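The structure file structure.cif is reproduced below (mmCIF, N, CA and C atoms).
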data_start
loop_
_atom_site.label_atom_id
_atom_site.label_comp_id
_atom_site.auth_asym_id
_atom_site.auth_seq_id
_atom_site.Cartn_x
_atom_site.Cartn_y
_atom_site.Cartn_z
N MET A 1 -26.01 6.38 20.54
CA MET A 1 -24.64 5.99 20.82
C MET A 1 -23.84 7.27 21.05
N SER A 2 -23.17 7.39 22.16
CA SER A 2 -22.43 8.60 22.47
C SER A 2 -21.07 8.59 21.79
N GLY A 3 -20.46 9.80 21.66
CA GLY A 3 -19.15 9.92 21.04
C GLY A 3 -18.09 9.14 21.80
N LYS A 4 -18.16 9.17 23.13
CA LYS A 4 -17.18 8.45 23.95
C LYS A 4 -17.30 6.95 23.72
N PHE A 5 -18.52 6.45 23.58
CA PHE A 5 -18.71 5.02 23.31
C PHE A 5 -18.08 4.66 21.97
N ASP A 6 -18.24 5.53 20.96
CA ASP A 6 -17.64 5.26 19.66
C ASP A 6 -16.11 5.20 19.77
N ILE A 7 -15.53 6.15 20.50
CA ILE A 7 -14.08 6.17 20.67
C ILE A 7 -13.62 4.91 21.43
N ASP A 8 -14.36 4.54 22.48
CA ASP A 8 -14.01 3.32 23.22
C ASP A 8 -14.06 2.10 22.31
N HIS A 9 -15.10 2.03 21.48
CA HIS A 9 -15.25 0.89 20.58
C HIS A 9 -14.11 0.86 19.55
N MET A 10 -13.80 2.02 18.95
CA MET A 10 -12.70 2.07 17.97
C MET A 10 -11.37 1.73 18.62
N ALA A 11 -11.15 2.23 19.83
CA ALA A 11 -9.90 1.93 20.53
C ALA A 11 -9.80 0.43 20.81
N GLN A 12 -10.92 -0.18 21.16
CA GLN A 12 -10.91 -1.62 21.41
C GLN A 12 -10.60 -2.38 20.13
N LEU A 13 -11.21 -1.97 19.01
CA LEU A 13 -10.94 -2.64 17.74
C LEU A 13 -9.49 -2.49 17.32
N ALA A 14 -8.89 -1.32 17.61
CA ALA A 14 -7.50 -1.06 17.24
C ALA A 14 -6.52 -1.55 18.29
N ARG A 15 -7.04 -2.12 19.36
CA ARG A 15 -6.22 -2.62 20.47
C ARG A 15 -5.36 -1.49 21.06
N LEU A 16 -6.02 -0.32 21.30
CA LEU A 16 -5.34 0.83 21.88
C LEU A 16 -5.84 1.07 23.29
N ARG A 17 -4.95 1.46 24.17
CA ARG A 17 -5.33 1.90 25.51
C ARG A 17 -5.24 3.41 25.52
N LEU A 18 -6.36 4.07 25.68
CA LEU A 18 -6.39 5.53 25.65
C LEU A 18 -6.75 6.07 27.02
N THR A 19 -6.12 7.19 27.37
CA THR A 19 -6.50 7.88 28.60
C THR A 19 -7.77 8.67 28.33
N ASP A 20 -8.42 9.13 29.39
CA ASP A 20 -9.64 9.91 29.22
C ASP A 20 -9.38 11.18 28.40
N SER A 21 -8.25 11.84 28.62
CA SER A 21 -7.95 13.06 27.86
C SER A 21 -7.71 12.74 26.37
N GLU A 22 -7.09 11.59 26.10
CA GLU A 22 -6.90 11.18 24.70
C GLU A 22 -8.23 10.88 24.03
N LYS A 23 -9.13 10.27 24.79
CA LYS A 23 -10.46 9.96 24.24
C LYS A 23 -11.20 11.24 23.89
N VAL A 24 -11.12 12.25 24.77
CA VAL A 24 -11.79 13.53 24.51
C VAL A 24 -11.19 14.20 23.28
N ARG A 25 -9.84 14.23 23.22
CA ARG A 25 -9.16 14.86 22.08
C ARG A 25 -9.49 14.14 20.77
N LEU A 26 -9.42 12.81 20.77
CA LEU A 26 -9.73 12.04 19.56
C LEU A 26 -11.20 12.18 19.18
N GLY A 27 -12.07 12.28 20.18
CA GLY A 27 -13.50 12.49 19.89
C GLY A 27 -13.73 13.79 19.15
N ARG A 28 -13.05 14.86 19.60
CA ARG A 28 -13.18 16.15 18.91
C ARG A 28 -12.61 16.06 17.49
N GLN A 29 -11.48 15.39 17.34
CA GLN A 29 -10.88 15.25 16.01
C GLN A 29 -11.79 14.45 15.08
N MET A 30 -12.40 13.39 15.60
CA MET A 30 -13.33 12.59 14.79
C MET A 30 -14.54 13.42 14.37
N GLU A 31 -15.07 14.23 15.29
CA GLU A 31 -16.20 15.10 14.95
C GLU A 31 -15.82 16.06 13.83
N THR A 32 -14.61 16.62 13.88
CA THR A 32 -14.15 17.53 12.82
C THR A 32 -14.06 16.80 11.49
N ILE A 33 -13.54 15.60 11.51
CA ILE A 33 -13.42 14.81 10.28
C ILE A 33 -14.80 14.50 9.71
N ILE A 34 -15.71 14.08 10.55
CA ILE A 34 -17.07 13.75 10.09
C ILE A 34 -17.78 14.98 9.55
N GLU A 35 -17.60 16.14 10.20
CA GLU A 35 -18.19 17.38 9.70
C GLU A 35 -17.65 17.71 8.31
N TYR A 36 -16.34 17.51 8.10
CA TYR A 36 -15.75 17.77 6.79
C TYR A 36 -16.30 16.82 5.73
N ILE A 37 -16.45 15.56 6.09
CA ILE A 37 -17.02 14.59 5.14
C ILE A 37 -18.46 14.97 4.81
N ASP A 38 -19.23 15.41 5.82
CA ASP A 38 -20.59 15.87 5.56
C ASP A 38 -20.59 17.07 4.62
N HIS A 39 -19.62 17.97 4.79
CA HIS A 39 -19.49 19.13 3.91
C HIS A 39 -19.21 18.68 2.48
N LEU A 40 -18.31 17.73 2.30
CA LEU A 40 -18.00 17.22 0.96
C LEU A 40 -19.19 16.51 0.35
N ASP A 41 -20.01 15.89 1.18
CA ASP A 41 -21.18 15.16 0.70
C ASP A 41 -22.20 16.10 0.06
N LYS A 42 -22.15 17.38 0.40
CA LYS A 42 -23.10 18.35 -0.14
C LYS A 42 -22.70 18.85 -1.52
N LEU A 43 -21.50 18.55 -1.97
CA LEU A 43 -21.04 19.00 -3.28
C LEU A 43 -21.79 18.28 -4.39
N ASP A 44 -22.08 19.02 -5.46
CA ASP A 44 -22.75 18.42 -6.62
C ASP A 44 -21.71 17.75 -7.50
N THR A 45 -21.73 16.45 -7.55
CA THR A 45 -20.78 15.70 -8.37
C THR A 45 -21.47 14.99 -9.52
N SER A 46 -22.67 15.44 -9.86
CA SER A 46 -23.44 14.75 -10.91
C SER A 46 -22.77 14.86 -12.27
N THR A 47 -21.95 15.89 -12.49
CA THR A 47 -21.30 16.05 -13.80
C THR A 47 -19.89 15.49 -13.81
N VAL A 48 -19.45 14.92 -12.70
CA VAL A 48 -18.10 14.38 -12.61
C VAL A 48 -18.14 12.89 -12.90
N GLU A 49 -17.33 12.49 -13.88
CA GLU A 49 -17.28 11.08 -14.24
C GLU A 49 -16.52 10.29 -13.18
N PRO A 50 -17.07 9.14 -12.74
CA PRO A 50 -16.37 8.34 -11.74
C PRO A 50 -15.02 7.85 -12.27
N THR A 51 -14.04 7.86 -11.41
CA THR A 51 -12.71 7.38 -11.80
C THR A 51 -12.14 6.50 -10.70
N SER A 52 -11.23 5.66 -11.08
CA SER A 52 -10.53 4.86 -10.08
C SER A 52 -9.12 5.39 -9.86
N HIS A 53 -8.66 6.26 -10.77
CA HIS A 53 -7.35 6.89 -10.66
C HIS A 53 -7.49 8.37 -11.00
N VAL A 54 -6.70 9.19 -10.35
CA VAL A 54 -6.79 10.62 -10.61
C VAL A 54 -6.04 11.04 -11.86
N ILE A 55 -5.11 10.21 -12.32
CA ILE A 55 -4.40 10.50 -13.56
C ILE A 55 -4.67 9.36 -14.53
N PRO A 56 -4.70 9.66 -15.81
CA PRO A 56 -4.96 8.59 -16.78
C PRO A 56 -3.82 7.57 -16.80
N LEU A 57 -4.18 6.31 -16.90
CA LEU A 57 -3.18 5.25 -16.96
C LEU A 57 -3.15 4.67 -18.37
N GLU A 58 -1.96 4.48 -18.87
CA GLU A 58 -1.81 3.87 -20.19
C GLU A 58 -0.74 2.79 -20.10
N ASN A 59 -0.99 1.69 -20.79
CA ASN A 59 0.04 0.65 -20.88
C ASN A 59 1.13 1.12 -21.83
N VAL A 60 2.35 0.88 -21.45
CA VAL A 60 3.47 1.22 -22.31
C VAL A 60 4.03 -0.09 -22.84
N PHE A 61 3.91 -0.24 -24.15
CA PHE A 61 4.36 -1.47 -24.77
C PHE A 61 5.63 -1.20 -25.56
N ARG A 62 6.46 -2.21 -25.66
CA ARG A 62 7.63 -2.13 -26.52
C ARG A 62 7.72 -3.45 -27.28
N GLU A 63 8.37 -3.40 -28.38
CA GLU A 63 8.55 -4.59 -29.18
C GLU A 63 9.48 -5.56 -28.46
N ASP A 64 9.14 -6.83 -28.50
CA ASP A 64 10.04 -7.84 -27.95
C ASP A 64 11.19 -8.04 -28.93
N VAL A 65 12.37 -7.90 -28.42
CA VAL A 65 13.55 -8.08 -29.25
C VAL A 65 14.34 -9.23 -28.67
N LYS A 66 14.58 -10.20 -29.52
CA LYS A 66 15.35 -11.35 -29.07
C LYS A 66 16.82 -10.97 -29.02
N LYS A 67 17.42 -11.21 -27.86
CA LYS A 67 18.85 -10.94 -27.73
C LYS A 67 19.45 -12.03 -26.85
N GLN A 68 20.71 -12.19 -26.97
CA GLN A 68 21.39 -13.23 -26.21
C GLN A 68 21.68 -12.70 -24.81
N ASN A 69 21.20 -13.43 -23.81
CA ASN A 69 21.39 -13.00 -22.43
C ASN A 69 22.76 -13.36 -21.88
N PHE A 70 23.27 -14.49 -22.31
CA PHE A 70 24.56 -14.96 -21.81
C PHE A 70 25.55 -14.97 -22.97
N PRO A 71 26.80 -14.82 -22.64
CA PRO A 71 27.79 -14.94 -23.71
C PRO A 71 27.78 -16.37 -24.27
N ASP A 72 28.44 -16.54 -25.36
CA ASP A 72 28.47 -17.87 -25.99
C ASP A 72 29.06 -18.93 -25.09
N THR A 73 29.77 -18.51 -24.06
CA THR A 73 30.34 -19.48 -23.15
C THR A 73 29.26 -20.06 -22.25
N ASP A 74 29.63 -21.04 -21.51
CA ASP A 74 28.71 -21.69 -20.58
C ASP A 74 28.30 -20.70 -19.48
N PRO A 75 26.99 -20.51 -19.23
CA PRO A 75 26.56 -19.58 -18.17
C PRO A 75 27.14 -19.93 -16.80
N LEU A 76 27.40 -21.20 -16.57
CA LEU A 76 27.97 -21.61 -15.29
C LEU A 76 29.38 -21.05 -15.10
N SER A 77 30.02 -20.71 -16.20
CA SER A 77 31.37 -20.16 -16.09
C SER A 77 31.34 -18.74 -15.49
N LEU A 78 30.18 -18.12 -15.46
CA LEU A 78 30.04 -16.79 -14.87
C LEU A 78 29.82 -16.85 -13.36
N ALA A 79 29.56 -18.03 -12.82
CA ALA A 79 29.29 -18.18 -11.39
C ALA A 79 30.53 -17.91 -10.57
N LEU A 80 30.32 -17.33 -9.39
CA LEU A 80 31.44 -17.11 -8.47
C LEU A 80 31.98 -18.44 -7.97
N ALA A 81 31.07 -19.39 -7.76
CA ALA A 81 31.49 -20.73 -7.31
C ALA A 81 30.55 -21.76 -7.91
N GLN A 82 31.10 -22.90 -8.25
CA GLN A 82 30.27 -23.98 -8.78
C GLN A 82 30.81 -25.31 -8.28
N LYS A 83 29.91 -26.27 -8.21
CA LYS A 83 30.30 -27.60 -7.75
C LYS A 83 29.42 -28.61 -8.48
N ASN A 84 30.01 -29.58 -9.11
CA ASN A 84 29.28 -30.63 -9.82
C ASN A 84 28.28 -30.04 -10.83
N ARG A 85 28.72 -29.04 -11.57
CA ARG A 85 27.91 -28.38 -12.61
C ARG A 85 26.66 -27.71 -12.04
N HIS A 86 26.72 -27.25 -10.79
CA HIS A 86 25.64 -26.49 -10.15
C HIS A 86 26.21 -25.21 -9.56
N TYR A 87 25.39 -24.20 -9.50
CA TYR A 87 25.82 -22.96 -8.82
C TYR A 87 25.96 -23.24 -7.34
N GLU A 88 27.02 -22.75 -6.74
CA GLU A 88 27.22 -22.94 -5.30
C GLU A 88 27.01 -21.58 -4.63
N VAL A 89 26.13 -21.58 -3.63
CA VAL A 89 25.81 -20.34 -2.92
C VAL A 89 26.07 -20.55 -1.43
N PRO A 90 26.26 -19.47 -0.68
CA PRO A 90 26.49 -19.63 0.75
C PRO A 90 25.27 -20.20 1.47
N LYS A 91 25.51 -21.00 2.46
CA LYS A 91 24.44 -21.56 3.28
C LYS A 91 23.86 -20.45 4.13
N ILE A 92 22.55 -20.34 4.19
CA ILE A 92 21.93 -19.24 4.94
C ILE A 92 21.23 -19.71 6.21
N ILE A 93 21.17 -20.98 6.43
CA ILE A 93 20.49 -21.48 7.64
C ILE A 93 21.53 -21.95 8.63
#

As structure tokens, please, write out the structure in this file.
Amino acid sequence: MSGKFDIDHMAQLARLRLTDSEKVRLGRQMETIIEYIDHLDKLDTSTVEPTSHVIPLENVFREDVKKQNFPDTDPLSLALAQKNRHYEVPKII
């Protein structure tokens, strides 16, 4: 499979129209990327523990404290507009 065929195939999958010069430029860039990945593949990672995150994640918990969310008055009294004991909001359709 030639490099140009790979670029054509990727462009088709991405629904891109590329000029011949763009195909050549992207082909060279892809070769550079693949060479770098091959270089990384040669590194010895046998002593490195697999991780899913680069920084440690910890859950932060707090005590649940019961508190009153609304004043002692009726919550509907805080509404900008109400009708028939329901919140009235602007029509959006």

Requested in this report: For range 61-76 of chain A, list every protein, DNA or RNA residue within 8 Å, evaluated using all atoms listed in the file, and leave out those in the same chain fewer than 4 positions away; present the list as a PyMOL selection string.
Outcome: chain A and resi 80-82+85-87

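Atom N of Arg28 in chain A is positioned 16.0 Å from atom C of Leu16 in chain A.
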
Query raised in the report: For Asp6 in chain A, which residue out of A:Ile93, A:Asp20, A:Pro56, A:Gly27 is the nearest one, using all atoms listed in the file?
Result: A:Gly27

Requested in this report: Between CA of Arg17 in chain A and CA of Gln29 in chain A, measure the distance and give it in Å to one decimal.
Outcome: 17.3 Å

Requested in this report: Could you tell me, as an NGL selection string, which residues of chain A DSSP assigns to strand (DSSP E) when given the backbone?
Outcome: :A and (82-83 or 86-87)

Query raised in the report: Mind checking DSSP for range 34-85 of chain A and telling me the helix (DSSP H, G or I) residues as a list in words?
Result: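 Secondary structure check on range 34-85 of chain A, helix (DSSP H, G or I): Ile34, Glu35, Tyr36, Ile37, Asp38, His39, Leu40, Asp41, Pro75, Leu76, Ser77 and Leu78 of chain A.
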
Query raised in the report: In Å to one decimal, how far is atom N of Tyr36 in chain A from CA of Val24 in chain A?
Result: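 Atom-to-atom, CA of Val24 in chain A and atom N of Tyr36 in chain A are spaced 17.5 Å apart.
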